[in-house]
Every structure is written in structure tokens, then in C-alpha cells.
Amino acid sequence: IGPHVQRAPEHSEQFRRLIQIEKYIYRTTNGNQTQQHSKQQLSLQKVKENKALSKLLVVAKRERVKQEFRMSYERLHQELPHHLPNTVATLMDLFSSSSSSSTTTTVMAPEDVRVYLHHQIQQGKLRIIENDNHSFHTTGDLVSPRAKVAAV
């Protein structure tokens, strides 16, 4: 299955939106138009004037951001065991969007990584092996960035 099909499976809501966008772009730039409109191009002004297309593009962008976040989350979930034991701060730097080697436009924020690690500790999948203040409450604050975590 190609990357386009993975992002928008056939007959899904995202697939239908992409088809609508493609049809609009085709009609605007190449479709059956009169001679005077044949040189008409899709521009930002046209998108702003067309409320339906604007909304469609906003929804498509939101879906793309969600998909990229899911991909970042999956990467974190799969690669985390290979980087343990380590400090929370190091893991935050390693898996946050600013340090990611992927070409995605959105990346996981360092605090997203910290929250993920906190939940893994609460669920008993990770444990703290060193903590700067020797007190970690699973119902209180998030785990300290200076804490060192390892697999259970």
C-alpha cells in the first residue's frame, strides 16, 4: 500500500475531501472553461473567496497534523526501549519535534514526551531508577526531567 493510500484510505472522509480539492483545482486550472477563464490560476485570493474550499483546506491541514502526531507517537512508542535507561530530559530532547530527523512539519513537543513517560510510569511499564528529589507521586506532578527511567 502506497503512502497516499495509507494517509487517506479509499472511501474514507479524508479521501473524499482530497478528491473534492483535486476536482476543484482541476476545474480551476484545466477544466472545461471558456476562453477568457482558461488562463485563470488557483491563487490565495481565490481560496479566501471560496469559503467551502477554505474550510476544506483547514480540515485537511488539521487531519495532516493529527496524522503526523500519531506517527511521532508511534515512533516514540517503538524506539523508546532502545534508549533506556536514560534521563527524562534526554528522552524529551531525543523524541521532541525540534530534534527529530524526520521531514514532518509537526513534531512532538518535549512536554508531550514527558507526559507519555509519566503515563508509562503510572501504568508500571517504566520505573524511576534515580530521582533528584526522591519523591514521585503518580497522582501529582509529572516526573522530573532529571529523573532517570528504565524499563520494568
# chains A, B, ... in the order shown; residues from 1 in each chain; ligands from 1
$ residues_around --residues "Met108 (chain A)" --least-positions-apart "6" --cutoff "12 Å" --atoms "only C-alpha atoms" --output "compact mmCIF listing (two decimals) with N, CA, C and O atoms, in the first residue's frame"
# COMPACT_ATOMS: atom_id res chain seq x y z
N VAL A 65 -1.99 17.22 10.55
CA VAL A 65 -1.30 17.45 11.82
C VAL A 65 -1.58 16.29 12.77
O VAL A 65 -0.66 15.77 13.43
N LYS A 66 -2.84 15.84 12.84
CA LYS A 66 -3.18 14.70 13.70
C LYS A 66 -2.43 13.45 13.27
O LYS A 66 -1.91 12.70 14.11
N GLN A 67 -2.37 13.20 11.98
CA GLN A 67 -1.68 12.03 11.46
C GLN A 67 -0.19 12.08 11.78
O GLN A 67 0.40 11.08 12.19
N GLU A 68 0.42 13.24 11.63
CA GLU A 68 1.84 13.39 11.94
C GLU A 68 2.10 13.20 13.42
O GLU A 68 3.11 12.61 13.81
N PHE A 69 1.18 13.67 14.27
CA PHE A 69 1.34 13.46 15.71
C PHE A 69 1.25 11.98 16.04
O PHE A 69 2.02 11.46 16.83
N ARG A 70 0.28 11.28 15.42
CA ARG A 70 0.16 9.83 15.63
C ARG A 70 1.44 9.11 15.22
O ARG A 70 1.89 8.19 15.89
N MET A 71 2.02 9.54 14.10
CA MET A 71 3.26 8.91 13.63
C MET A 71 4.41 9.18 14.61
O MET A 71 5.20 8.27 14.89
N SER A 72 4.48 10.38 15.16
CA SER A 72 5.50 10.71 16.15
C SER A 72 5.31 9.88 17.41
O SER A 72 6.27 9.39 18.01
N TYR A 73 4.05 9.72 17.81
CA TYR A 73 3.72 8.92 18.99
C TYR A 73 4.14 7.47 18.78
O TYR A 73 4.72 6.84 19.66
N GLU A 74 3.85 6.92 17.60
CA GLU A 74 4.22 5.53 17.29
C GLU A 74 5.74 5.37 17.30
O GLU A 74 6.26 4.38 17.80
N ARG A 75 6.44 6.36 16.75
CA ARG A 75 7.90 6.32 16.75
C ARG A 75 8.43 6.30 18.18
O ARG A 75 9.31 5.50 18.52
N LEU A 76 7.88 7.15 19.03
CA LEU A 76 8.27 7.18 20.44
C LEU A 76 8.02 5.83 21.09
O LEU A 76 8.88 5.28 21.77
N LEU A 91 15.46 12.02 26.98
CA LEU A 91 14.41 11.43 26.15
C LEU A 91 13.51 12.50 25.54
O LEU A 91 13.08 12.38 24.39
N MET A 92 13.24 13.56 26.31
CA MET A 92 12.45 14.67 25.79
C MET A 92 13.16 15.30 24.60
O MET A 92 12.53 15.59 23.58
N ASP A 93 14.46 15.52 24.72
CA ASP A 93 15.24 16.10 23.62
C ASP A 93 15.29 15.16 22.42
O ASP A 93 15.16 15.60 21.28
N LEU A 94 15.47 13.90 22.69
CA LEU A 94 15.62 12.91 21.63
C LEU A 94 14.35 12.76 20.79
O LEU A 94 14.41 12.67 19.56
N PHE A 95 13.19 12.75 21.44
CA PHE A 95 11.94 12.48 20.74
C PHE A 95 11.09 13.71 20.44
O PHE A 95 10.04 13.60 19.83
N SER A 96 11.53 14.87 20.86
CA SER A 96 10.73 16.07 20.58
C SER A 96 10.91 16.46 19.13
O SER A 96 11.86 16.07 18.46
N SER A 97 9.99 17.26 18.63
CA SER A 97 9.97 17.63 17.23
C SER A 97 11.20 18.40 16.78
O SER A 97 11.64 18.25 15.66
N SER A 98 11.78 19.23 17.61
CA SER A 98 12.91 20.05 17.19
C SER A 98 14.13 19.21 16.86
O SER A 98 14.93 19.57 16.02
N SER A 99 14.26 18.05 17.51
CA SER A 99 15.44 17.24 17.27
C SER A 99 15.15 16.06 16.35
O SER A 99 16.03 15.27 16.07
N SER A 100 13.93 15.94 15.89
CA SER A 100 13.57 14.80 15.05
C SER A 100 14.24 14.89 13.69
O SER A 100 14.33 15.95 13.10
N SER A 102 13.05 13.38 11.11
CA SER A 102 12.03 13.18 10.07
C SER A 102 11.72 14.50 9.38
O SER A 102 12.05 15.57 9.87
N ARG A 114 7.24 14.02 27.85
CA ARG A 114 7.24 13.92 29.32
C ARG A 114 5.92 13.33 29.83
O ARG A 114 5.92 12.49 30.72
N VAL A 115 4.81 13.77 29.27
CA VAL A 115 3.50 13.22 29.67
C VAL A 115 3.42 11.74 29.32
O VAL A 115 2.96 10.92 30.12
N TYR A 116 3.93 11.36 28.15
CA TYR A 116 3.93 9.94 27.74
C TYR A 116 4.73 9.12 28.75
O TYR A 116 4.27 8.05 29.20
$ residues_around --residues "region 144-146 of chain A" --least-positions-apart "5" --cutoff "6 Å" --atoms "only C-alpha atoms" --output "MDAnalysis selection string"
chainID A and resid 87:89
$ write_last_selection --atoms "C-alpha atoms" --output "PDB file, in the first residue's frame"
ATOM      1  CA  THR A  87      17.013  10.687  31.939  1.00  0.00           C
ATOM      2  CA  VAL A  88      13.620  12.147  31.134  1.00  0.00           C
ATOM      3  CA  ALA A  89      15.268  15.329  29.820  1.00  0.00           C
TER       4      ALA A  89
END
$ atom_distance --atom1 "CA of Ala147 (chain A)" --atom2 "CA of Gln123 (chain A)"
17.0 Å
$ residues_around --residues "Val152 (chain A)" --least-positions-apart "3" --cutoff "8 Å" --atoms "only C-alpha atoms" --output "PDB file with N, CA and C atoms, in the first residue's frame"
ATOM      1  N   GLY A 124       3.083   1.237  35.168  1.00  0.00           N
ATOM      2  CA  GLY A 124       4.034   0.212  35.578  1.00  0.00           C
ATOM      3  C   GLY A 124       4.895  -0.334  34.452  1.00  0.00           C
ATOM      4  N   LYS A 125       4.925   0.348  33.311  1.00  0.00           N
ATOM      5  CA  LYS A 125       5.742  -0.111  32.179  1.00  0.00           C
ATOM      6  C   LYS A 125       7.163   0.436  32.248  1.00  0.00           C
ATOM      7  N   LEU A 126       7.340   1.549  32.966  1.00  0.00           N
ATOM      8  CA  LEU A 126       8.652   2.136  33.215  1.00  0.00           C
ATOM      9  C   LEU A 126       8.792   2.336  34.710  1.00  0.00           C
ATOM     10  N   ARG A 127      10.033   2.443  35.155  1.00  0.00           N
ATOM     11  CA  ARG A 127      10.260   2.724  36.577  1.00  0.00           C
ATOM     12  C   ARG A 127      11.340   3.783  36.695  1.00  0.00           C
TER      13      ARG A 127
END
$ residues_around --residues "region 43-47 of chain A" --least-positions-apart "6" --cutoff "12 Å" --atoms "only C-alpha atoms" --output "VMD selection string"
chain A and resid 21 24 to 25 28 to 29 53 to 58
$ closest_residue --among "A:Ala60, A:Ala151, A:Val107, A:Leu80" --to "Leu18 (chain A)" --atoms "only C-alpha atoms"
A:Ala60
$ closest_residue --among "A:Arg17, A:Arg64, A:Lys148, A:His118" --to "Ala52 (chain A)" --atoms "only C-alpha atoms"
A:Arg17
$ closest_residue --among "A:Glu13, A:Glu22, A:Glu130, A:Asp141" --to "Pro85 (chain A)" --atoms "only C-alpha atoms"
A:Glu130
$ decode --residues "region 56-87 of chain A" --atoms "C-alpha atoms" --output "short mmCIF file (atom, residue, chain, number, x, y, z; two decimals), in the first residue's frame"
data_model
loop_
_atom_site.label_atom_id
_atom_site.label_comp_id
_atom_site.auth_asym_id
_atom_site.auth_seq_id
_atom_site.Cartn_x
_atom_site.Cartn_y
_atom_site.Cartn_z
CA LEU A 56 -11.92 22.05 3.36
CA LEU A 57 -8.26 23.03 3.35
CA VAL A 58 -8.34 23.84 7.08
CA VAL A 59 -9.88 20.45 7.85
CA ALA A 60 -7.31 18.73 5.62
CA LYS A 61 -4.48 20.51 7.43
CA ARG A 62 -5.88 19.51 10.84
CA GLU A 63 -6.08 15.89 9.70
CA ARG A 64 -2.49 16.05 8.48
CA VAL A 65 -1.30 17.45 11.82
CA LYS A 66 -3.18 14.70 13.70
CA GLN A 67 -1.68 12.03 11.46
CA GLU A 68 1.84 13.39 11.94
CA PHE A 69 1.34 13.46 15.71
CA ARG A 70 0.16 9.83 15.63
CA MET A 71 3.26 8.91 13.63
CA SER A 72 5.50 10.71 16.15
CA TYR A 73 3.72 8.92 18.99
CA GLU A 74 4.22 5.53 17.29
CA ARG A 75 7.90 6.32 16.75
CA LEU A 76 8.27 7.18 20.44
CA HIS A 77 6.46 4.00 21.48
CA GLN A 78 8.59 1.77 19.22
CA GLU A 79 12.01 3.37 19.75
CA LEU A 80 11.84 4.20 23.47
CA PRO A 81 13.02 0.77 24.71
CA HIS A 82 16.23 1.15 22.68
CA HIS A 83 17.13 4.36 24.55
CA LEU A 84 16.60 3.15 28.12
CA PRO A 85 17.85 3.69 30.78
CA ASN A 86 18.08 7.42 30.34
CA THR A 87 17.01 10.69 31.94
#
